[in-house]
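Chemist: Here you go, input36.pdb (PDB, C-alpha atoms):
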```
MODEL        1
ATOM      1  CA  MET A   1      86.035 -64.359-113.437  1.00  0.00           C
ATOM      2  CA  VAL A   2      84.002 -62.104-111.157  1.00  0.00           C
ATOM      3  CA  GLU A   3      84.511 -62.242-107.415  1.00  0.00           C
ATOM      4  CA  GLU A   4      81.756 -61.277-104.990  1.00  0.00           C
ATOM      5  CA  ASN A   5      82.202 -60.292-101.370  1.00  0.00           C
ATOM      6  CA  TYR A   6      79.473 -59.955 -98.764  1.00  0.00           C
ATOM      7  CA  ARG A   7      79.521 -58.267 -95.380  1.00  0.00           C
ATOM      8  CA  GLU A   8      78.403 -60.344 -92.430  1.00  0.00           C
ATOM      9  CA  GLN A   9      76.814 -57.311 -90.814  1.00  0.00           C
ATOM     10  CA  ASN A  10      74.377 -54.760 -92.212  1.00  0.00           C
ATOM     11  CA  ILE A  11      76.131 -51.467 -91.507  1.00  0.00           C
ATOM     12  CA  ILE A  12      72.939 -49.387 -91.927  1.00  0.00           C
ATOM     13  CA  LYS A  13      70.658 -51.668 -89.918  1.00  0.00           C
ATOM     14  CA  GLU A  14      70.646 -49.339 -86.912  1.00  0.00           C
ATOM     15  CA  LEU A  15      70.688 -46.143 -88.942  1.00  0.00           C
ATOM     16  CA  ASN A  16      67.813 -43.859 -87.962  1.00  0.00           C
ATOM     17  CA  ILE A  17      67.068 -40.971 -90.307  1.00  0.00           C
ATOM     18  CA  LYS A  18      65.100 -38.319 -88.498  1.00  0.00           C
ATOM     19  CA  GLY A  19      62.536 -36.130 -90.162  1.00  0.00           C
ATOM     20  CA  VAL A  20      58.894 -35.890 -91.150  1.00  0.00           C
ATOM     21  CA  LYS A  21      57.647 -38.695 -93.353  1.00  0.00           C
ATOM     22  CA  LYS A  22      55.932 -37.409 -96.474  1.00  0.00           C
ATOM     23  CA  THR A  23      53.958 -39.288 -99.056  1.00  0.00           C
ATOM     24  CA  ILE A  24      53.032 -38.394-102.592  1.00  0.00           C
ATOM     25  CA  ILE A  25      49.292 -37.944-102.943  1.00  0.00           C
ATOM     26  CA  THR A  26      48.260 -39.576-106.186  1.00  0.00           C
ATOM     27  CA  ASN A  27      44.494 -39.842-105.989  1.00  0.00           C
ATOM     28  CA  PHE A  28      43.623 -36.140-106.078  1.00  0.00           C
ATOM     29  CA  LEU A  29      41.491 -34.475-108.736  1.00  0.00           C
ATOM     30  CA  GLU A  30      42.661 -31.607-110.899  1.00  0.00           C
ATOM     31  CA  PHE A  31      40.740 -28.375-110.375  1.00  0.00           C
ATOM     32  CA  GLU A  32      39.094 -28.738-113.807  1.00  0.00           C
ATOM     33  CA  GLU A  33      37.655 -32.054-112.619  1.00  0.00           C
ATOM     34  CA  LEU A  34      36.359 -30.441-109.439  1.00  0.00           C
ATOM     35  CA  GLU A  35      34.616 -27.730-111.427  1.00  0.00           C
ATOM     36  CA  ASP A  36      33.158 -30.353-113.750  1.00  0.00           C
ATOM     37  CA  LEU A  37      31.624 -32.079-110.725  1.00  0.00           C
ATOM     38  CA  TYR A  38      30.030 -28.796-109.716  1.00  0.00           C
ATOM     39  CA  TYR A  39      28.701 -27.777-113.121  1.00  0.00           C
ATOM     40  CA  SER A  40      27.571 -31.299-114.022  1.00  0.00           C
ATOM     41  CA  TYR A  41      25.499 -31.780-110.880  1.00  0.00           C
ATOM     42  CA  PRO A  42      21.842 -31.327-111.963  1.00  0.00           C
ATOM     43  CA  THR A  43      19.299 -29.446-109.872  1.00  0.00           C
ATOM     44  CA  ASN A  44      16.334 -29.970-112.188  1.00  0.00           C
ATOM     45  CA  LYS A  45      15.538 -33.591-111.410  1.00  0.00           C
ATOM     46  CA  GLY A  46      14.312 -35.385-108.308  1.00  0.00           C
ATOM     47  CA  LYS A  47      13.403 -33.339-105.228  1.00  0.00           C
ATOM     48  CA  GLU A  48      14.234 -29.782-106.238  1.00  0.00           C
ATOM     49  CA  ILE A  49      14.849 -28.301-102.794  1.00  0.00           C
ATOM     50  CA  ALA A  50      17.196 -31.140-101.843  1.00  0.00           C
ATOM     51  CA  ARG A  51      19.187 -30.843-105.052  1.00  0.00           C
ATOM     52  CA  LYS A  52      19.485 -27.056-104.796  1.00  0.00           C
ATOM     53  CA  ARG A  53      20.739 -27.486-101.235  1.00  0.00           C
ATOM     54  CA  ASN A  54      23.199 -30.108-102.493  1.00  0.00           C
ATOM     55  CA  LYS A  55      24.461 -27.644-105.101  1.00  0.00           C
ATOM     56  CA  ILE A  56      25.212 -25.194-102.296  1.00  0.00           C
ATOM     57  CA  ILE A  57      27.066 -27.925-100.383  1.00  0.00           C
ATOM     58  CA  LEU A  58      29.025 -28.961-103.468  1.00  0.00           C
ATOM     59  CA  GLY A  59      30.040 -25.367-104.151  1.00  0.00           C
ATOM     60  CA  LEU A  60      31.371 -25.004-100.603  1.00  0.00           C
ATOM     61  CA  LEU A  61      33.354 -28.225-100.990  1.00  0.00           C
ATOM     62  CA  VAL A  62      34.866 -27.295-104.351  1.00  0.00           C
ATOM     63  CA  TYR A  63      35.463 -23.541-104.010  1.00  0.00           C
ATOM     64  CA  GLN A  64      35.951 -23.046-100.261  1.00  0.00           C
ATOM     65  CA  GLY A  65      37.464 -26.439 -99.401  1.00  0.00           C
ATOM     66  CA  LEU A  66      35.112 -27.147 -96.489  1.00  0.00           C
ATOM     67  CA  ASN A  67      34.731 -30.527 -94.824  1.00  0.00           C
ATOM     68  CA  THR A  68      31.611 -32.136 -93.368  1.00  0.00           C
ATOM     69  CA  ARG A  69      32.293 -30.692 -89.903  1.00  0.00           C
ATOM     70  CA  ASP A  70      32.530 -27.170 -91.341  1.00  0.00           C
ATOM     71  CA  LEU A  71      29.268 -27.643 -93.241  1.00  0.00           C
ATOM     72  CA  GLN A  72      27.528 -28.850 -90.095  1.00  0.00           C
ATOM     73  CA  LEU A  73      28.545 -25.796 -88.057  1.00  0.00           C
ATOM     74  CA  LEU A  74      27.456 -23.157 -90.569  1.00  0.00           C
ATOM     75  CA  GLU A  75      24.593 -20.848 -89.624  1.00  0.00           C
ATOM     76  CA  VAL A  76      22.716 -18.332 -91.747  1.00  0.00           C
ATOM     77  CA  GLU A  77      24.638 -15.429 -90.213  1.00  0.00           C
ATOM     78  CA  ASN A  78      27.908 -16.894 -91.499  1.00  0.00           C
ATOM     79  CA  ILE A  79      26.932 -15.975 -95.071  1.00  0.00           C
ATOM     80  CA  GLN A  80      27.728 -12.303 -95.757  1.00  0.00           C
ATOM     81  CA  LEU A  81      26.034 -11.696 -99.080  1.00  0.00           C
ATOM     82  CA  TYR A  82      26.748  -7.958 -98.959  1.00  0.00           C
ATOM     83  CA  LYS A  83      30.477  -8.657 -98.606  1.00  0.00           C
ATOM     84  CA  GLY A  84      30.528 -11.692-100.869  1.00  0.00           C
ATOM     85  CA  LYS A  85      32.166 -13.771 -98.157  1.00  0.00           C
ATOM     86  CA  ILE A  86      31.567 -16.678 -95.813  1.00  0.00           C
ATOM     87  CA  ASN A  87      32.784 -16.998 -92.217  1.00  0.00           C
ATOM     88  CA  ILE A  88      33.734 -20.534 -91.255  1.00  0.00           C
ATOM     89  CA  PRO A  89      33.625 -21.049 -87.461  1.00  0.00           C
ATOM     90  CA  GLY A  90      36.691 -22.448 -85.754  1.00  0.00           C
ATOM     91  CA  THR A  91      36.797 -25.671 -83.738  1.00  0.00           C
ATOM     92  CA  LYS A  92      39.300 -27.396 -81.455  1.00  0.00           C
ATOM     93  CA  LYS A  93      40.911 -28.826 -84.578  1.00  0.00           C
ATOM     94  CA  SER A  94      40.601 -25.912 -86.989  1.00  0.00           C
ATOM     95  CA  ASN A  95      40.908 -22.130 -87.133  1.00  0.00           C
ATOM     96  CA  ALA A  96      38.122 -19.769 -88.074  1.00  0.00           C
ATOM     97  CA  ARG A  97      38.543 -18.058 -91.426  1.00  0.00           C
ATOM     98  CA  GLU A  98      36.801 -15.736 -93.865  1.00  0.00           C
ATOM     99  CA  ILE A  99      36.744 -16.830 -97.508  1.00  0.00           C
ATOM    100  CA  GLU A 100      35.377 -15.137-100.600  1.00  0.00           C
ATOM    101  CA  LEU A 101      32.401 -16.598-102.404  1.00  0.00           C
ATOM    102  CA  LYS A 102      32.306 -16.855-106.176  1.00  0.00           C
ATOM    103  CA  PRO A 103      29.863 -14.439-107.875  1.00  0.00           C
ATOM    104  CA  PHE A 104      27.625 -17.284-109.056  1.00  0.00           C
ATOM    105  CA  GLN A 105      27.538 -18.654-105.513  1.00  0.00           C
ATOM    106  CA  LEU A 106      26.044 -15.384-104.279  1.00  0.00           C
ATOM    107  CA  MET A 107      23.035 -15.793-106.558  1.00  0.00           C
ATOM    108  CA  GLU A 108      22.558 -19.393-105.473  1.00  0.00           C
ATOM    109  CA  PHE A 109      22.846 -18.470-101.796  1.00  0.00           C
ATOM    110  CA  MET A 110      20.258 -15.715-102.206  1.00  0.00           C
ATOM    111  CA  GLU A 111      17.782 -18.230-103.616  1.00  0.00           C
ATOM    112  CA  TYR A 112      18.666 -20.832-101.013  1.00  0.00           C
ATOM    113  CA  ILE A 113      18.368 -18.527 -97.999  1.00  0.00           C
ATOM    114  CA  ASN A 114      15.245 -16.714 -99.184  1.00  0.00           C
ATOM    115  CA  GLU A 115      13.318 -19.566-100.823  1.00  0.00           C
ATOM    116  CA  VAL A 116      14.782 -23.062-100.539  1.00  0.00           C
ATOM    117  CA  ARG A 117      15.764 -23.122 -96.863  1.00  0.00           C
ATOM    118  CA  PRO A 118      12.396 -21.750 -95.646  1.00  0.00           C
ATOM    119  CA  ARG A 119      10.679 -24.532 -97.608  1.00  0.00           C
ATOM    120  CA  ILE A 120      12.901 -27.143 -95.947  1.00  0.00           C
ATOM    121  CA  LEU A 121      12.083 -25.646 -92.530  1.00  0.00           C
ATOM    122  CA  ARG A 122       8.354 -25.857 -93.244  1.00  0.00           C
ATOM    123  CA  GLU A 123       8.496 -29.406 -94.600  1.00  0.00           C
ATOM    124  CA  THR A 124      10.607 -30.712 -91.727  1.00  0.00           C
ATOM    125  CA  ASN A 125       8.954 -28.587 -89.020  1.00  0.00           C
ATOM    126  CA  LYS A 126      12.324 -27.386 -87.775  1.00  0.00           C
ATOM    127  CA  ALA A 127      13.286 -24.164 -86.014  1.00  0.00           C
ATOM    128  CA  THR A 128      17.021 -23.553 -86.243  1.00  0.00           C
ATOM    129  CA  GLU A 129      19.664 -21.155 -87.517  1.00  0.00           C
ATOM    130  CA  GLN A 130      21.619 -24.056 -89.034  1.00  0.00           C
ATOM    131  CA  LEU A 131      22.319 -23.134 -92.652  1.00  0.00           C
ATOM    132  CA  LEU A 132      22.309 -26.524 -94.352  1.00  0.00           C
ATOM    133  CA  LEU A 133      19.451 -28.790 -93.388  1.00  0.00           C
ATOM    134  CA  PRO A 134      18.701 -32.460 -94.094  1.00  0.00           C
ATOM    135  CA  ILE A 135      15.260 -33.388 -95.396  1.00  0.00           C
ATOM    136  CA  GLY A 136      13.963 -35.309 -92.405  1.00  0.00           C
ATOM    137  CA  ARG A 137      14.018 -35.241 -88.623  1.00  0.00           C
ATOM    138  CA  SER A 138      17.773 -35.299 -88.182  1.00  0.00           C
ATOM    139  CA  PHE A 139      19.985 -32.216 -88.078  1.00  0.00           C
ATOM    140  CA  LYS A 140      23.125 -34.171 -88.970  1.00  0.00           C
ATOM    141  CA  LEU A 141      24.496 -33.841 -92.499  1.00  0.00           C
ATOM    142  CA  HIS A 142      26.464 -37.089 -92.757  1.00  0.00           C
ATOM    143  CA  ASN A 143      23.755 -39.007 -94.618  1.00  0.00           C
ATOM    144  CA  THR A 144      23.110 -36.025 -96.902  1.00  0.00           C
ATOM    145  CA  VAL A 145      26.800 -35.778 -97.802  1.00  0.00           C
ATOM    146  CA  HIS A 146      27.035 -39.552 -98.261  1.00  0.00           C
ATOM    147  CA  LYS A 147      24.146 -39.573-100.735  1.00  0.00           C
ATOM    148  CA  LEU A 148      25.667 -36.626-102.591  1.00  0.00           C
ATOM    149  CA  ALA A 149      28.975 -38.498-102.838  1.00  0.00           C
ATOM    150  CA  LYS A 150      27.226 -41.457-104.481  1.00  0.00           C
ATOM    151  CA  GLU A 151      25.799 -39.122-107.124  1.00  0.00           C
ATOM    152  CA  LEU A 152      29.189 -37.519-107.741  1.00  0.00           C
ATOM    153  CA  LYS A 153      30.684 -40.961-108.348  1.00  0.00           C
ATOM    154  CA  GLU A 154      28.289 -41.329-111.276  1.00  0.00           C
ATOM    155  CA  ILE A 155      29.622 -38.072-112.765  1.00  0.00           C
ATOM    156  CA  ASN A 156      33.312 -38.930-112.377  1.00  0.00           C
ATOM    157  CA  GLN A 157      34.509 -42.488-111.748  1.00  0.00           C
ATOM    158  CA  ASN A 158      37.765 -41.120-110.306  1.00  0.00           C
ATOM    159  CA  PHE A 159      35.809 -39.446-107.509  1.00  0.00           C
ATOM    160  CA  MET A 160      36.167 -41.246-104.172  1.00  0.00           C
ATOM    161  CA  ASP A 161      34.705 -39.157-101.344  1.00  0.00           C
ATOM    162  CA  VAL A 162      34.405 -35.586-100.079  1.00  0.00           C
ATOM    163  CA  LYS A 163      37.760 -35.879 -98.289  1.00  0.00           C
ATOM    164  CA  GLN A 164      39.325 -36.295-101.726  1.00  0.00           C
ATOM    165  CA  ILE A 165      37.710 -33.015-102.801  1.00  0.00           C
ATOM    166  CA  ARG A 166      39.221 -31.150 -99.849  1.00  0.00           C
ATOM    167  CA  THR A 167      42.635 -32.704-100.487  1.00  0.00           C
ATOM    168  CA  SER A 168      42.423 -31.686-104.148  1.00  0.00           C
ATOM    169  CA  VAL A 169      41.389 -28.134-103.269  1.00  0.00           C
ATOM    170  CA  ILE A 170      44.277 -27.673-100.827  1.00  0.00           C
ATOM    171  CA  ILE A 171      46.752 -28.958-103.409  1.00  0.00           C
ATOM    172  CA  SER A 172      45.259 -26.491-105.901  1.00  0.00           C
ATOM    173  CA  TRP A 173      45.645 -23.645-103.380  1.00  0.00           C
ATOM    174  CA  LEU A 174      49.298 -24.526-102.830  1.00  0.00           C
ATOM    175  CA  ARG A 175      49.879 -24.212-106.561  1.00  0.00           C
ATOM    176  CA  GLN A 176      48.388 -20.698-106.513  1.00  0.00           C
ATOM    177  CA  TYR A 177      49.364 -19.257-103.137  1.00  0.00           C
ATOM    178  CA  ASN A 178      52.144 -19.396-100.588  1.00  0.00           C
ATOM    179  CA  LEU A 179      52.094 -21.888 -97.742  1.00  0.00           C
ATOM    180  CA  ARG A 180      50.728 -19.444 -95.144  1.00  0.00           C
ATOM    181  CA  LYS A 181      47.743 -18.399 -97.260  1.00  0.00           C
ATOM    182  CA  ALA A 182      46.921 -22.022 -98.039  1.00  0.00           C
ATOM    183  CA  GLN A 183      47.111 -22.750 -94.306  1.00  0.00           C
ATOM    184  CA  TYR A 184      44.672 -19.918 -93.592  1.00  0.00           C
ATOM    185  CA  LEU A 185      42.196 -20.988 -96.278  1.00  0.00           C
ATOM    186  CA  ALA A 186      42.301 -24.591 -95.079  1.00  0.00           C
ATOM    187  CA  GLY A 187      41.836 -23.578 -91.448  1.00  0.00           C
ATOM    188  CA  HIS A 188      44.844 -25.597 -90.323  1.00  0.00           C
ATOM    189  CA  LYS A 189      46.082 -24.732 -86.839  1.00  0.00           C
ATOM    190  CA  TYR A 190      49.623 -25.843 -87.662  1.00  0.00           C
ATOM    191  CA  ILE A 191      51.691 -25.181 -90.773  1.00  0.00           C
ATOM    192  CA  SER A 192      52.839 -28.818 -90.708  1.00  0.00           C
ATOM    193  CA  SER A 193      49.269 -29.888 -91.510  1.00  0.00           C
ATOM    194  CA  THR A 194      49.411 -27.850 -94.719  1.00  0.00           C
ATOM    195  CA  GLU A 195      52.919 -28.993 -95.603  1.00  0.00           C
ATOM    196  CA  LYS A 196      51.613 -32.543 -95.958  1.00  0.00           C
ATOM    197  CA  TYR A 197      49.851 -31.435 -99.130  1.00  0.00           C
ATOM    198  CA  VAL A 198      52.954 -29.942-100.780  1.00  0.00           C
ATOM    199  CA  GLN A 199      53.537 -32.162-103.803  1.00  0.00           C
ATOM    200  CA  ASP A 200      55.944 -30.519-106.260  1.00  0.00           C
ATOM    201  CA  ASP A 201      59.202 -31.285-104.451  1.00  0.00           C
ATOM    202  CA  LEU A 202      58.021 -34.770-103.545  1.00  0.00           C
ATOM    203  CA  GLU A 203      57.083 -35.572-107.118  1.00  0.00           C
ATOM    204  CA  SER A 204      60.522 -34.403-108.282  1.00  0.00           C
ATOM    205  CA  LEU A 205      62.205 -36.518-105.605  1.00  0.00           C
ATOM    206  CA  HIS A 206      60.107 -39.531-106.540  1.00  0.00           C
ATOM    207  CA  GLU A 207      61.137 -39.144-110.192  1.00  0.00           C
ATOM    208  CA  THR A 208      64.797 -38.815-109.245  1.00  0.00           C
ATOM    209  CA  ILE A 209      64.680 -41.939-107.086  1.00  0.00           C
ATOM    210  CA  ASN A 210      63.061 -43.922-109.876  1.00  0.00           C
ATOM    211  CA  THR A 211      65.708 -42.729-112.329  1.00  0.00           C
ATOM    212  CA  TYR A 212      68.882 -43.204-110.291  1.00  0.00           C
ATOM    213  CA  HIS A 213      68.010 -45.938-107.803  1.00  0.00           C
ATOM    214  CA  PRO A 214      70.643 -48.731-108.153  1.00  0.00           C
ATOM    215  CA  LEU A 215      67.936 -51.377-108.475  1.00  0.00           C
ATOM    216  CA  GLN A 216      66.438 -49.694-111.543  1.00  0.00           C
TER     217      GLN A 216
ENDMDL
END
```
Could I get this file's structure written as structure tokens?
Modeler:
Amino acid sequence: MVEENYREQNIIKELNIKGVKKTIITNFLEFEELEDLYYSYPTNKGKEIARKRNKIILGLLVYQGLNTRDLQLLEVENIQLYKGKINIPGTKKSNAREIELKPFQLMEFMEYINEVRPRILRETNKATEQLLLPIGRSFKLHNTVHKLAKELKEINQNFMDVKQIRTSVIISWLRQYNLRKAQYLAGHKYISSTEKYVQDDLESLHETINTYHPLQ
């Protein structure tokens, strides 16, 4: 015969465990998938100047981890071809930083700045130092990035949006570099913003909980 006893009161009901809540990010893309998005994006169909501009945008998303706000703020002077680097301006929410460009990006930027961008300026009758330009009257990139995202979904069904790319890039940086360097590359003002992307310890904890939880 087995006897069971129950407490009338829940002794941990009022227990408050302090600390930062962390979640395991599960919908990120591996870096190989990010590169596949970049290399699989075609520039030889449709409107050539728009697709070559999109390739530049995609490269900045995948290799420099920029977001739409960063893309919008870029000017021609921010690209230092002679140094092989890009300067990303700071904002109220992010720090300025200088990040290296990949060698193949340098060639694409040379073509974009010297040939593609001037054609966009002529076609849209714009006069601006803004680096990345929509094809149309607007100067805002949101629609351009949205259309690009729809095309990327056709390349990889696991792709969700450009925020997912940035999340994936930061996670990849944390696997390669220490926390402070990842913070710098991401432009985070606070180290806590970067810590949210640390996954290794959380994944181990999640596995341990699943293994030893009394309800398993």
Chemist: Between CA of Met110 in chain A and CA of Val76 in chain A, what is the distance in Å, rounded to a tenth?
Modeler: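 We find that CA of Met110 in chain A and CA of Val76 in chain A lie 11.1 Å from each other.
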Chemist: For this file, the PyMOL selection byres ((chain A and resi 78) around 9) selects which residues, as an MDAnalysis selection string?
Modeler: chainID A and resid 74:77 79:80 85:89 131
Chemist: On this file, the PyMOL selection byres ((chain A and resi 40-57) around 9) gives some set of residues; write that set as a PyMOL selection string.
Modeler: chain A and resi 35-39+58-62+66+71+105+108-109+112+116-117+119-120+132-135+144-145+148+151-152+155
Chemist: Going by the chain IDs and residue numbers used in this file, which residues fall under the PyMOL selection byres ((chain A and resi 182) around 10)? Write them as a list of chain:residue names.
Modeler: A:Val169, A:Ile170, A:Ile171, A:Ser172, A:Trp173, A:Leu174, A:Arg175, A:Gln176, A:Tyr177, A:Asn178, A:Leu179, A:Arg180, A:Lys181, A:Gln183, A:Tyr184, A:Leu185, A:Ala186, A:Gly187, A:His188, A:Ile191, A:Thr194, A:Glu195, A:Tyr197
Chemist: Can you work out the spacing between CA of Leu141 in chain A and CA of Leu29 in chain A in Å, to one decimal?
Modeler: 23.5 Å
Chemist: Any idea what the distance is between CA of Lys150 in chain A and CA of Val162 in chain A?
Modeler: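 Spanning CA of Lys150 in chain A to CA of Val162 in chain A is a straight-line distance of 10.3 Å.
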Chemist: Kindly indicate which residue among A:Asp70, A:Leu121, A:Tyr63, A:Ala149 lies nearest to Glu100 in chain A, using all atoms listed in the file for the distances.
Modeler: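 The answer is A:Tyr63, which sits nearest to Glu100 in chain A.
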Chemist: Find, counting all atoms listed in the file, the residue in A:Ser193, A:Asn143, A:Thr26, A:Thr124 that gets nearest to Thr68 in chain A.
Modeler: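 Closest candidate: A:Asn143.
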Chemist: So for range 110-115 of chain A, what box centre and size do we get, axis-aligned, 3 Å extra on each of the six sides, every listed atom, Å to one decimal, as JSON?
Modeler:
```
{"center_x": 16.8, "center_y": -18.3, "center_z": -100.8, "size_x": 12.9, "size_y": 11.1, "size_z": 11.6}
```
Chemist: Tell me which protein, DNA and RNA residues are within 10 Å of Asn158 in chain A, counting all atoms listed in the file, leaving out same-chain ones fewer than 2 positions away, and put them as a VMD selection string.
Modeler: chain A and resid 27 to 29 33 152 to 156 160 to 161 164
